[in-house]
Amino acid sequence: MSTVELSEQEQIRRKSLEELNKLGINAFPAEEFKTTHYSQDIIKQFEENEEAEELKSVTLAGRLMSRRIMGSASFAELKDQQGRIQIYFRRDDICEGDDKTMYNTVFKKLLDIGDIIGVTGHVFKTQLGETSIHVKEFKVLTKSLKPLPIVKEKDGKQYDAFTDPEQRYRQRYVDLIVNDQVKDTFLKRTKIINTMRDFFNEKGYLEVETPILQSIPGGASARPFETHHNALNIPLYLRIANELYLKRLIVGGFDGVYEFAKDFRNEGMDRTHNPEFTVMEIYVAYKDYKWMMNFTEEMLERVAIALHGQTKVQMGDKEIDFKRPFKRVTMIDAIKEHTGIDIAGMGEAELKDVCKQLNIEVDDSMGKGKLIDEIFGEKCEGNYIQPTFITDYPVEMSPLCKKHRDNPELTERFELMVNGKELANAYTELNDPIDQLGRFQDQLKLSEKGDDEAMFIDTDFVRALEYGMPPTSGMGIGIDRLTMFMTNNQSIQEVLFFPQMKPEKKVEADGVEKYEEIGVPKEWAEIIIKLGYKKVAEVKELKPTKLHQEVCGYNKKNKLGFKNPSQDDVKSWLA
């Protein structure tokens with residue numbers, strides 16, 4: 001990267017790096033830096049006991065987030081993985097002898113916001129009552145070559161915050177540094193998963209792993225991602241669900257198995273969907289969907305309490321209560337309640353007429369299951385804000401689910417609706433291999449009609465069922481959506497470290513010659529580019545007085561010695 005492509009700040013930081021090297025200071029040392037404490041532990045311990053012996057010498061490492069230089073003494077703020085703490089530097093403590101280089105040159109002139117340092121000192125309280133570290137020595141651990149966005153705060157209001165979603169999601173590493181609440185979201189995400197894992201392990205269920213690359217993408221109705229295995233010379237698919245492999249393990253003799261897994265669906269992206277997502281699926285032998293409703297309630301109540309100390313959770317302007325028991329409504333009753341139409345017993349033609357009556361778009365590829373799903377999604381789903389189990393789905397919607405014990409037109413299935421969205425999906429699992437093969441064949445007919453989300457026929461799974469799978473209930477829950485709900489985030493991108501995004505558009509900067517074409521001398525063209533103006537068209541929109549002030553200021557600040565252009569010169573460039 002040429003110096004012309006670097007901003008003024010980036011060039012200054014590289015010069016500081018050169019100066020550190022000249023002083024014999026390695027700004028990227030390899031050796032271990034041993035720490036004794038983290039910031040918030042220090043603050044908590046000091047509040048409990050200011051005379052604690054272990055706080056008389058502490059060593060911690062982190063990133064410089066601010067500095068207030070006041071001559072021979074200065075304050076700064078250090079951020080580590082727990083949070084922030086104030087640190088205090090005094091020249092004569094840092095440099096006990098005659099050589100004051102470490103304070104006067106390194107700390108005051110060569111360090112920048114964003115640099116990572118290690119400090120050793122004792123804990124004390126300032127006159128304003130802030131717990132701080134009086135630094136006795138410090139070490140440069142990493143030189144930051146790009147400036148951080150500086151978030152300013154005054155009277156409780158933030159200015160120049162790093163809030164643009166495009167930048168935040170592409171540069172999550174910067175987002176985590178400057179926006180403390182973002183890190184908190186991901187700490188809570190981990191706590192959600194750990195709470196669920198502990199809950200399952202207490203019950204004696206086994207955590208397992210199943211294949212991501214599959215020859216048949218089964219377990220859900222979705223469009224898969226396709227790839228190719230060179231050695232085997234066969235097409236493979238990224239899994240869309242874990243279900244069929246986990247049920248094979250139930251056939252194999254495990255009474256309870258679960259998996260936290262990445263699944264992939266080659267479908268649309270929006271505020272609640274990402275093509276790569278995290279799901280938890282669990283299967284327990286000798287249980288049914290009624291048992292699984294109770295199990296799911298207990299699990300979610302525990303998660304809410306672990307995160308918030310109570311069952312009530314804020315979601316936007318709504319308060320959601322995860323206290324058991326949750327409301328239970330059949331799908332047919334839900335549609336009847338919100339549309340006034342009883343769809344029980346209706347065929348495909350009648351359901352299409354209902355959709356037209358309700359102004360719901362349909363196409364010829366849709367079978368009964370898709371039509372009913374559209375009606376429920378359009379007219380019912382958004383009405384269920386508090387946790388509600390929607391139960392007893394029509395058989396056409398659930399090709400892997402056991403038929404209802406009281407009505408063969410329905411299945412023993414539930415979806416948990418929260419805040420108008422599906423959170424969990426569960427069945428009394430279909431374990432009749434003859435019925436299962438027939439359901440797969442029905443899906444094949446839908447595929448032939450043009451439904452690209454219809455399931456493949458998995459003959460090996462049917463063979464597994466022929467060996468005998470005990471009565472089983474299974475449940476899947478989207479971890480990304482659960483995290484959204486539990487952390488009061490409205491977008492799935494906020495709970496994914498690295499959400500999928502379109503390729504970044506790179507702005508091709510105009511070269512020096514483009515500026516020379518409009519009459520800008522080469523030396524001033526280079527300065528304009530260093531000031532951050534990458535395009536001639538961008539410069540043309542500036543006021544001549546502003547550009548004149550900026551280029552002359554840069555010349556003076558960097559002691560370049562060029563004869564400043566006149567305001568008329570600058571006007572001629574922009575004419």
# chains A, B, ... in the order shown; residues from 1 in each chain; ligands from 1
>>> closest_atom_pairs(of="region 150-246 of chain A", to="region 104-119 of chain A", cutoff="12 Å", atoms="only C-alpha atoms", output="JSON lines")
{"residue": "A:Ile150", "atom": "CA", "partner": "A:Ile113", "partner_atom": "CA", "distance": 8.8}
{"residue": "A:Val151", "atom": "CA", "partner": "A:Ile113", "partner_atom": "CA", "distance": 11.7}
{"residue": "A:Val174", "atom": "CA", "partner": "A:Gly114", "partner_atom": "CA", "distance": 10.1}
{"residue": "A:Ile177", "atom": "CA", "partner": "A:Gly114", "partner_atom": "CA", "distance": 8.9}
{"residue": "A:Val178", "atom": "CA", "partner": "A:Gly114", "partner_atom": "CA", "distance": 9.9}
>>> write_last_selection(atoms="C-alpha atoms", output="compact mmCIF listing (two decimals), in the first residue's frame")
# COMPACT_ATOMS: atom_id res chain seq x y z
CA ILE A 150 -13.98 8.00 18.60
CA VAL A 151 -17.34 7.88 20.35
CA VAL A 174 -14.28 -2.50 15.48
CA ILE A 177 -14.15 -2.47 20.56
CA VAL A 178 -16.18 0.75 20.55
>>> residues_around(residues="Met293 (chain A)", least_positions_apart="6", cutoff="12 Å", atoms="only C-alpha atoms", output="list in words")
Lys287, Met299, Leu300, Arg324, Pro325, Phe326, Lys327, Arg328, Pro387, Thr388, Phe389, Ile390, Thr391, Glu412, Arg413, Phe414, Glu415, Leu416, Ala424, Asn425, Ala426, Tyr427, Thr428, Ser473, Gly474, Met475 and Gly476 of chain A
>>> write_last_selection(atoms="N, CA and C atoms", output="PDB file, in the first residue's frame")
ATOM      1  N   LYS A 287     -41.234 -40.561  24.449  1.00  0.00           N
ATOM      2  CA  LYS A 287     -41.955 -39.325  24.787  1.00  0.00           C
ATOM      3  C   LYS A 287     -42.835 -38.925  23.603  1.00  0.00           C
ATOM      4  N   MET A 299     -37.441 -25.395  29.867  1.00  0.00           N
ATOM      5  CA  MET A 299     -36.143 -24.958  29.362  1.00  0.00           C
ATOM      6  C   MET A 299     -36.111 -23.440  29.168  1.00  0.00           C
ATOM      7  N   LEU A 300     -37.140 -22.875  28.518  1.00  0.00           N
ATOM      8  CA  LEU A 300     -37.149 -21.441  28.225  1.00  0.00           C
ATOM      9  C   LEU A 300     -37.321 -20.603  29.492  1.00  0.00           C
ATOM     10  N   ARG A 324     -44.070 -20.523  32.960  1.00  0.00           N
ATOM     11  CA  ARG A 324     -44.960 -21.639  32.620  1.00  0.00           C
ATOM     12  C   ARG A 324     -46.315 -21.487  33.324  1.00  0.00           C
ATOM     13  N   PRO A 325     -47.376 -22.101  32.731  1.00  0.00           N
ATOM     14  CA  PRO A 325     -47.467 -22.783  31.432  1.00  0.00           C
ATOM     15  C   PRO A 325     -47.791 -21.793  30.317  1.00  0.00           C
ATOM     16  N   PHE A 326     -47.481 -22.183  29.062  1.00  0.00           N
ATOM     17  CA  PHE A 326     -47.792 -21.351  27.903  1.00  0.00           C
ATOM     18  C   PHE A 326     -49.175 -21.730  27.359  1.00  0.00           C
ATOM     19  N   LYS A 327     -49.814 -20.778  26.707  1.00  0.00           N
ATOM     20  CA  LYS A 327     -51.116 -21.013  26.073  1.00  0.00           C
ATOM     21  C   LYS A 327     -50.976 -22.037  24.945  1.00  0.00           C
ATOM     22  N   ARG A 328     -52.043 -22.835  24.682  1.00  0.00           N
ATOM     23  CA  ARG A 328     -52.020 -23.850  23.632  1.00  0.00           C
ATOM     24  C   ARG A 328     -53.277 -23.711  22.763  1.00  0.00           C
ATOM     25  N   PRO A 387     -45.786 -16.274  24.615  1.00  0.00           N
ATOM     26  CA  PRO A 387     -45.480 -17.641  24.172  1.00  0.00           C
ATOM     27  C   PRO A 387     -46.750 -18.493  24.053  1.00  0.00           C
ATOM     28  N   THR A 388     -46.955 -19.033  22.855  1.00  0.00           N
ATOM     29  CA  THR A 388     -48.168 -19.821  22.572  1.00  0.00           C
ATOM     30  C   THR A 388     -47.791 -21.021  21.717  1.00  0.00           C
ATOM     31  N   PHE A 389     -48.238 -22.215  22.133  1.00  0.00           N
ATOM     32  CA  PHE A 389     -48.039 -23.413  21.329  1.00  0.00           C
ATOM     33  C   PHE A 389     -49.187 -23.533  20.327  1.00  0.00           C
ATOM     34  N   ILE A 390     -48.859 -23.508  19.029  1.00  0.00           N
ATOM     35  CA  ILE A 390     -49.830 -23.798  17.983  1.00  0.00           C
ATOM     36  C   ILE A 390     -49.696 -25.293  17.685  1.00  0.00           C
ATOM     37  N   THR A 391     -50.775 -26.053  17.840  1.00  0.00           N
ATOM     38  CA  THR A 391     -50.684 -27.516  17.817  1.00  0.00           C
ATOM     39  C   THR A 391     -51.533 -28.130  16.700  1.00  0.00           C
ATOM     40  N   GLU A 412     -49.334 -34.810  15.223  1.00  0.00           N
ATOM     41  CA  GLU A 412     -48.999 -34.422  16.599  1.00  0.00           C
ATOM     42  C   GLU A 412     -47.762 -33.525  16.549  1.00  0.00           C
ATOM     43  N   ARG A 413     -48.012 -32.269  16.271  1.00  0.00           N
ATOM     44  CA  ARG A 413     -46.939 -31.299  16.078  1.00  0.00           C
ATOM     45  C   ARG A 413     -47.304 -29.998  16.774  1.00  0.00           C
ATOM     46  N   PHE A 414     -46.270 -29.284  17.243  1.00  0.00           N
ATOM     47  CA  PHE A 414     -46.502 -27.912  17.706  1.00  0.00           C
ATOM     48  C   PHE A 414     -45.393 -27.000  17.201  1.00  0.00           C
ATOM     49  N   GLU A 415     -45.737 -25.739  17.028  1.00  0.00           N
ATOM     50  CA  GLU A 415     -44.759 -24.668  16.850  1.00  0.00           C
ATOM     51  C   GLU A 415     -44.980 -23.675  17.979  1.00  0.00           C
ATOM     52  N   LEU A 416     -43.897 -23.235  18.577  1.00  0.00           N
ATOM     53  CA  LEU A 416     -44.007 -22.224  19.627  1.00  0.00           C
ATOM     54  C   LEU A 416     -43.882 -20.848  18.993  1.00  0.00           C
ATOM     55  N   ALA A 424     -39.845 -22.359  18.100  1.00  0.00           N
ATOM     56  CA  ALA A 424     -39.507 -23.783  18.205  1.00  0.00           C
ATOM     57  C   ALA A 424     -40.518 -24.600  17.418  1.00  0.00           C
ATOM     58  N   ASN A 425     -40.079 -25.794  16.999  1.00  0.00           N
ATOM     59  CA  ASN A 425     -40.909 -26.699  16.216  1.00  0.00           C
ATOM     60  C   ASN A 425     -40.697 -28.103  16.757  1.00  0.00           C
ATOM     61  N   ALA A 426     -41.777 -28.852  16.986  1.00  0.00           N
ATOM     62  CA  ALA A 426     -41.620 -30.171  17.603  1.00  0.00           C
ATOM     63  C   ALA A 426     -42.701 -31.132  17.133  1.00  0.00           C
ATOM     64  N   TYR A 427     -42.360 -32.433  17.195  1.00  0.00           N
ATOM     65  CA  TYR A 427     -43.283 -33.493  16.761  1.00  0.00           C
ATOM     66  C   TYR A 427     -43.329 -34.620  17.789  1.00  0.00           C
ATOM     67  N   THR A 428     -44.410 -35.392  17.704  1.00  0.00           N
ATOM     68  CA  THR A 428     -44.308 -36.805  18.036  1.00  0.00           C
ATOM     69  C   THR A 428     -43.818 -37.444  16.747  1.00  0.00           C
ATOM     70  N   SER A 473     -40.140 -38.164  20.730  1.00  0.00           N
ATOM     71  CA  SER A 473     -40.497 -36.769  20.452  1.00  0.00           C
ATOM     72  C   SER A 473     -39.223 -35.984  20.179  1.00  0.00           C
ATOM     73  N   GLY A 474     -39.305 -35.087  19.196  1.00  0.00           N
ATOM     74  CA  GLY A 474     -38.156 -34.246  18.853  1.00  0.00           C
ATOM     75  C   GLY A 474     -38.545 -32.786  18.803  1.00  0.00           C
ATOM     76  N   MET A 475     -37.567 -31.922  19.049  1.00  0.00           N
ATOM     77  CA  MET A 475     -37.835 -30.481  19.037  1.00  0.00           C
ATOM     78  C   MET A 475     -36.610 -29.754  18.497  1.00  0.00           C
ATOM     79  N   GLY A 476     -36.853 -28.731  17.677  1.00  0.00           N
ATOM     80  CA  GLY A 476     -35.784 -27.876  17.190  1.00  0.00           C
ATOM     81  C   GLY A 476     -36.078 -26.430  17.548  1.00  0.00           C
TER      82      GLY A 476
END
>>> closest_residue(among="A:Gly468, A:Gly511, A:Pro29, A:Gly532", to="Val251 (chain A)", atoms="only C-alpha atoms")
A:Gly468
>>> closest_atom_pairs(of="region 413-446 of chain A", to="region 199-219 of chain A", cutoff="12 Å", atoms="only C-alpha atoms", output="Markdown table")
| residue | atom | partner | partner_atom | distance |
| --- | --- | --- | --- | --- |
| A:Glu429 | CA | A:Gly219 | CA | 11.5 |
| A:Leu430 | CA | A:Gly219 | CA | 12.0 |
| A:Phe440 | CA | A:Gly218 | CA | 10.3 |
| A:Gln443 | CA | A:Gly218 | CA | 11.5 |
>>> select_by_dssp(residues="region 351-422 of chain A", states="strand (DSSP E)", output="list in words")
Thr388, Phe389, Ile390, Thr391, Arg413, Phe414, Glu415, Leu416, Met417, Val418, Lys421 and Glu422 of chain A
>>> residues_around(residues="region 189-196 of chain A", least_positions_apart="4", cutoff="9 Å", atoms="only C-alpha atoms", output="list in words")
Asp184, Thr185, Phe200, Asn201, Phe260, Met299, Leu300, Arg302, Val303, Ala304, Ala306, Leu307, Ile479, Asp480, Leu482, Thr483, Met484, Met486, Thr487 and Val495 of chain A
>>> write_last_selection(atoms="N, CA, C and O atoms", output="CSV table (one decimal), in the first residue's frame")
chain,number,residue,atom,x,y,z
A,184,ASP,N,-21.9,-7.5,25.1
A,184,ASP,CA,-22.8,-8.0,26.1
A,184,ASP,C,-23.8,-8.9,25.4
A,184,ASP,O,-24.2,-10.0,26.0
A,185,THR,N,-24.3,-8.6,24.2
A,185,THR,CA,-25.2,-9.5,23.5
A,185,THR,C,-24.6,-10.8,23.2
A,185,THR,O,-25.3,-11.9,23.4
A,200,PHE,N,-30.0,-30.0,29.5
A,200,PHE,CA,-30.1,-31.3,28.8
A,200,PHE,C,-29.2,-32.3,29.5
A,200,PHE,O,-29.6,-33.5,29.7
A,201,ASN,N,-28.0,-31.9,29.9
A,201,ASN,CA,-27.1,-32.8,30.5
A,201,ASN,C,-27.6,-33.3,31.9
A,201,ASN,O,-27.4,-34.5,32.3
A,260,PHE,N,-26.2,-28.9,19.0
A,260,PHE,CA,-26.1,-27.5,18.6
A,260,PHE,C,-25.4,-27.4,17.3
A,260,PHE,O,-24.2,-27.9,17.2
A,299,MET,N,-37.4,-25.4,29.9
A,299,MET,CA,-36.1,-25.0,29.4
A,299,MET,C,-36.1,-23.4,29.2
A,299,MET,O,-35.2,-22.8,29.6
A,300,LEU,N,-37.1,-22.9,28.5
A,300,LEU,CA,-37.1,-21.4,28.2
A,300,LEU,C,-37.3,-20.6,29.5
A,300,LEU,O,-36.8,-19.5,29.6
A,302,ARG,N,-36.1,-21.4,32.3
A,302,ARG,CA,-34.8,-21.4,33.0
A,302,ARG,C,-33.8,-20.4,32.3
A,302,ARG,O,-33.0,-19.7,32.9
A,303,VAL,N,-33.9,-20.4,30.9
A,303,VAL,CA,-33.0,-19.5,30.2
A,303,VAL,C,-33.3,-18.1,30.5
A,303,VAL,O,-32.4,-17.2,30.8
A,304,ALA,N,-34.6,-17.7,30.6
A,304,ALA,CA,-35.0,-16.3,30.9
A,304,ALA,C,-34.4,-15.9,32.3
A,304,ALA,O,-33.9,-14.8,32.5
A,306,ALA,N,-31.9,-17.3,34.0
A,306,ALA,CA,-30.5,-17.3,34.0
A,306,ALA,C,-29.9,-15.9,33.4
A,306,ALA,O,-28.9,-15.4,33.9
A,307,LEU,N,-30.6,-15.4,32.4
A,307,LEU,CA,-30.2,-14.1,31.8
A,307,LEU,C,-30.6,-12.9,32.5
A,307,LEU,O,-29.9,-11.9,32.6
A,479,ILE,N,-31.4,-20.9,17.6
A,479,ILE,CA,-30.6,-20.2,18.6
A,479,ILE,C,-30.5,-18.7,18.3
A,479,ILE,O,-30.5,-17.8,19.2
A,480,ASP,N,-30.4,-18.3,17.0
A,480,ASP,CA,-30.2,-16.9,16.6
A,480,ASP,C,-31.5,-16.2,17.0
A,480,ASP,O,-31.4,-15.1,17.6
A,482,LEU,N,-33.8,-17.1,19.2
A,482,LEU,CA,-34.0,-17.0,20.7
A,482,LEU,C,-33.1,-16.0,21.3
A,482,LEU,O,-33.5,-15.2,22.2
A,483,THR,N,-31.9,-15.8,20.8
A,483,THR,CA,-31.0,-14.8,21.3
A,483,THR,C,-31.5,-13.4,21.0
A,483,THR,O,-31.4,-12.5,21.8
A,484,MET,N,-32.1,-13.2,19.8
A,484,MET,CA,-32.8,-11.9,19.5
A,484,MET,C,-33.8,-11.6,20.6
A,484,MET,O,-33.9,-10.5,21.1
A,486,MET,N,-34.2,-12.8,23.6
A,486,MET,CA,-33.7,-12.7,25.0
A,486,MET,C,-32.8,-11.5,25.2
A,486,MET,O,-32.5,-11.1,26.3
A,487,THR,N,-32.3,-10.9,24.1
A,487,THR,CA,-31.4,-9.7,24.2
A,487,THR,C,-32.1,-8.4,23.7
A,487,THR,O,-31.4,-7.4,23.5
A,495,VAL,N,-27.1,-10.5,16.3
A,495,VAL,CA,-26.8,-11.6,17.2
A,495,VAL,C,-25.9,-12.6,16.5
A,495,VAL,O,-25.6,-13.7,17.1
>>> select_by_dssp(residues="region 254-378 of chain A", states="alpha helix (DSSP H)", output="number ranges by chain")
A: 289-308, 331-339, 348-357, 368-378
>>> atom_distance(atom1="CA of Lys571 (chain A)", atom2="CA of Gln549 (chain A)")
12.3 Å
>>> closest_residue(among="A:Tyr38, A:Tyr237, A:Phe277, A:Phe498", to="Arg84 (chain A)", atoms="only C-alpha atoms")
A:Tyr38
>>> atom_distance(atom1="CA of Phe138 (chain A)", atom2="CA of Asp93 (chain A)")
10.8 Å
>>> residues_around(residues="Val58 (chain A)", least_positions_apart="2", cutoff="9 Å", atoms="only C-alpha atoms", output="list of chain:residue names")
A:Thr35, A:Thr36, A:His37, A:Ile42, A:Glu54, A:Leu55, A:Lys56, A:Leu60, A:Val119, A:Thr120, A:Gly121, A:His122, A:Val123, A:Ile133
>>> closest_residue(among="A:Thr126, A:Asn407, A:Asn26, A:Gln167", to="Met501 (chain A)", atoms="only C-alpha atoms")
A:Gln167
>>> atom_distance(atom1="CA of Met65 (chain A)", atom2="CA of Gly83 (chain A)")
10.9 Å
>>> closest_residue(among="A:Leu141, A:Glu96, A:Asn242, A:Gly553", to="Ile25 (chain A)", atoms="only C-alpha atoms")
A:Leu141
>>> residues_around(residues="Phe376 (chain A)", least_positions_apart="4", cutoff="10 Å", atoms="only C-alpha atoms", output="ChimeraX atom specification")
/A:331-332,334-336,338-339,370-372,380-382
>>> closest_residue(among="A:Leu358, A:Met469, A:Ala220, A:Ile492", to="Glu276 (chain A)", atoms="only C-alpha atoms")
A:Ile492
>>> residues_around(residues="region 573-575 of chain A", least_positions_apart="3", cutoff="6 Å", atoms="only C-alpha atoms", output="PyMOL selection string")
chain A and resi 518-520+540+570
>>> write_last_selection(atoms="all heavy atoms", output="PDB file, in the first residue's frame")
ATOM      1  N   ILE A 518      -7.113  18.548 -13.849  1.00  0.00           N
ATOM      2  CA  ILE A 518      -7.944  19.726 -13.561  1.00  0.00           C
ATOM      3  C   ILE A 518      -7.098  20.891 -13.051  1.00  0.00           C
ATOM      4  O   ILE A 518      -7.626  21.869 -12.519  1.00  0.00           O
ATOM      5  CB  ILE A 518      -9.082  19.404 -12.567  1.00  0.00           C
ATOM      6  CG1 ILE A 518      -8.521  19.000 -11.193  1.00  0.00           C
ATOM      7  CG2 ILE A 518     -10.001  18.321 -13.094  1.00  0.00           C
ATOM      8  CD1 ILE A 518      -9.567  18.946 -10.089  1.00  0.00           C
ATOM      9  N   GLY A 519      -5.759  20.746 -13.180  1.00  0.00           N
ATOM     10  CA  GLY A 519      -4.887  21.862 -12.844  1.00  0.00           C
ATOM     11  C   GLY A 519      -4.278  21.827 -11.463  1.00  0.00           C
ATOM     12  O   GLY A 519      -3.620  22.790 -11.052  1.00  0.00           O
ATOM     13  N   VAL A 520      -4.449  20.736 -10.706  1.00  0.00           N
ATOM     14  CA  VAL A 520      -3.857  20.644  -9.367  1.00  0.00           C
ATOM     15  C   VAL A 520      -2.423  20.153  -9.499  1.00  0.00           C
ATOM     16  O   VAL A 520      -2.181  19.077 -10.056  1.00  0.00           O
ATOM     17  CB  VAL A 520      -4.657  19.671  -8.466  1.00  0.00           C
ATOM     18  CG1 VAL A 520      -4.041  19.626  -7.066  1.00  0.00           C
ATOM     19  CG2 VAL A 520      -6.123  20.072  -8.399  1.00  0.00           C
ATOM     20  N   LYS A 540     -14.611  18.434  -6.154  1.00  0.00           N
ATOM     21  CA  LYS A 540     -15.292  19.502  -6.900  1.00  0.00           C
ATOM     22  C   LYS A 540     -16.507  20.052  -6.140  1.00  0.00           C
ATOM     23  O   LYS A 540     -16.942  21.180  -6.384  1.00  0.00           O
ATOM     24  CB  LYS A 540     -15.762  18.971  -8.259  1.00  0.00           C
ATOM     25  CG  LYS A 540     -14.642  18.754  -9.265  1.00  0.00           C
ATOM     26  CD  LYS A 540     -14.453  19.988 -10.121  1.00  0.00           C
ATOM     27  CE  LYS A 540     -13.565  19.728 -11.322  1.00  0.00           C
ATOM     28  NZ  LYS A 540     -13.398  20.959 -12.122  1.00  0.00           N
ATOM     29  N   VAL A 570      -6.852  27.732  -5.678  1.00  0.00           N
ATOM     30  CA  VAL A 570      -7.771  26.646  -5.309  1.00  0.00           C
ATOM     31  C   VAL A 570      -9.089  26.790  -6.066  1.00  0.00           C
ATOM     32  O   VAL A 570      -9.667  25.791  -6.536  1.00  0.00           O
ATOM     33  CB  VAL A 570      -7.995  26.619  -3.784  1.00  0.00           C
ATOM     34  CG1 VAL A 570      -9.028  25.553  -3.408  1.00  0.00           C
ATOM     35  CG2 VAL A 570      -6.670  26.355  -3.059  1.00  0.00           C
TER      36      VAL A 570
END
>>> decode(residues="region 476-526 of chain A", atoms="C-alpha atoms", output="PDB file, in the first residue's frame")
ATOM      1  CA  GLY A 476     -35.784 -27.876  17.190  1.00  0.00           C
ATOM      2  CA  ILE A 477     -35.200 -24.277  18.270  1.00  0.00           C
ATOM      3  CA  GLY A 478     -33.405 -21.472  16.444  1.00  0.00           C
ATOM      4  CA  ILE A 479     -30.608 -20.156  18.647  1.00  0.00           C
ATOM      5  CA  ASP A 480     -30.231 -16.932  16.632  1.00  0.00           C
ATOM      6  CA  ARG A 481     -33.904 -16.016  17.023  1.00  0.00           C
ATOM      7  CA  LEU A 482     -33.951 -17.045  20.689  1.00  0.00           C
ATOM      8  CA  THR A 483     -30.961 -14.753  21.273  1.00  0.00           C
ATOM      9  CA  MET A 484     -32.780 -11.908  19.490  1.00  0.00           C
ATOM     10  CA  PHE A 485     -35.748 -12.349  21.819  1.00  0.00           C
ATOM     11  CA  MET A 486     -33.676 -12.691  24.987  1.00  0.00           C
ATOM     12  CA  THR A 487     -31.433  -9.676  24.237  1.00  0.00           C
ATOM     13  CA  ASN A 488     -34.095  -7.320  22.811  1.00  0.00           C
ATOM     14  CA  ASN A 489     -32.603  -7.163  19.324  1.00  0.00           C
ATOM     15  CA  GLN A 490     -34.811  -6.649  16.278  1.00  0.00           C
ATOM     16  CA  SER A 491     -32.379  -7.958  13.635  1.00  0.00           C
ATOM     17  CA  ILE A 492     -30.681 -11.341  13.319  1.00  0.00           C
ATOM     18  CA  GLN A 493     -27.508  -9.563  12.139  1.00  0.00           C
ATOM     19  CA  GLU A 494     -27.162  -8.131  15.668  1.00  0.00           C
ATOM     20  CA  VAL A 495     -26.782 -11.607  17.212  1.00  0.00           C
ATOM     21  CA  LEU A 496     -24.407 -13.080  14.602  1.00  0.00           C
ATOM     22  CA  PHE A 497     -20.742 -12.199  14.894  1.00  0.00           C
ATOM     23  CA  PHE A 498     -20.321 -12.276  11.120  1.00  0.00           C
ATOM     24  CA  PRO A 499     -23.647 -12.170   9.240  1.00  0.00           C
ATOM     25  CA  GLN A 500     -23.698 -12.970   5.532  1.00  0.00           C
ATOM     26  CA  MET A 501     -23.414  -9.841   3.392  1.00  0.00           C
ATOM     27  CA  LYS A 502     -23.042  -8.838  -0.237  1.00  0.00           C
ATOM     28  CA  PRO A 503     -19.433  -8.462  -1.425  1.00  0.00           C
ATOM     29  CA  GLU A 504     -17.957  -5.169  -0.294  1.00  0.00           C
ATOM     30  CA  LYS A 505     -17.883  -2.541  -3.001  1.00  0.00           C
ATOM     31  CA  LYS A 506     -14.382  -1.144  -3.277  1.00  0.00           C
ATOM     32  CA  VAL A 507     -14.182   2.490  -4.273  1.00  0.00           C
ATOM     33  CA  GLU A 508     -11.452   2.923  -6.860  1.00  0.00           C
ATOM     34  CA  ALA A 509      -9.639   6.118  -5.943  1.00  0.00           C
ATOM     35  CA  ASP A 510      -8.610   8.587  -8.635  1.00  0.00           C
ATOM     36  CA  GLY A 511      -4.861   8.743  -9.091  1.00  0.00           C
ATOM     37  CA  VAL A 512      -2.679  11.869  -8.889  1.00  0.00           C
ATOM     38  CA  GLU A 513      -2.880  12.259 -12.678  1.00  0.00           C
ATOM     39  CA  LYS A 514      -6.661  12.789 -12.491  1.00  0.00           C
ATOM     40  CA  TYR A 515      -6.105  15.784 -10.202  1.00  0.00           C
ATOM     41  CA  GLU A 516      -3.358  17.106 -12.461  1.00  0.00           C
ATOM     42  CA  GLU A 517      -5.853  17.064 -15.340  1.00  0.00           C
ATOM     43  CA  ILE A 518      -7.944  19.726 -13.561  1.00  0.00           C
ATOM     44  CA  GLY A 519      -4.887  21.862 -12.844  1.00  0.00           C
ATOM     45  CA  VAL A 520      -3.857  20.644  -9.367  1.00  0.00           C
ATOM     46  CA  PRO A 521      -0.043  20.437  -9.056  1.00  0.00           C
ATOM     47  CA  LYS A 522       1.285  16.979  -8.164  1.00  0.00           C
ATOM     48  CA  GLU A 523       2.403  17.879  -4.614  1.00  0.00           C
ATOM     49  CA  TRP A 524      -1.036  19.300  -3.770  1.00  0.00           C
ATOM     50  CA  ALA A 525      -2.831  16.394  -5.464  1.00  0.00           C
ATOM     51  CA  GLU A 526      -1.010  13.983  -3.142  1.00  0.00           C
TER      52      GLU A 526
END
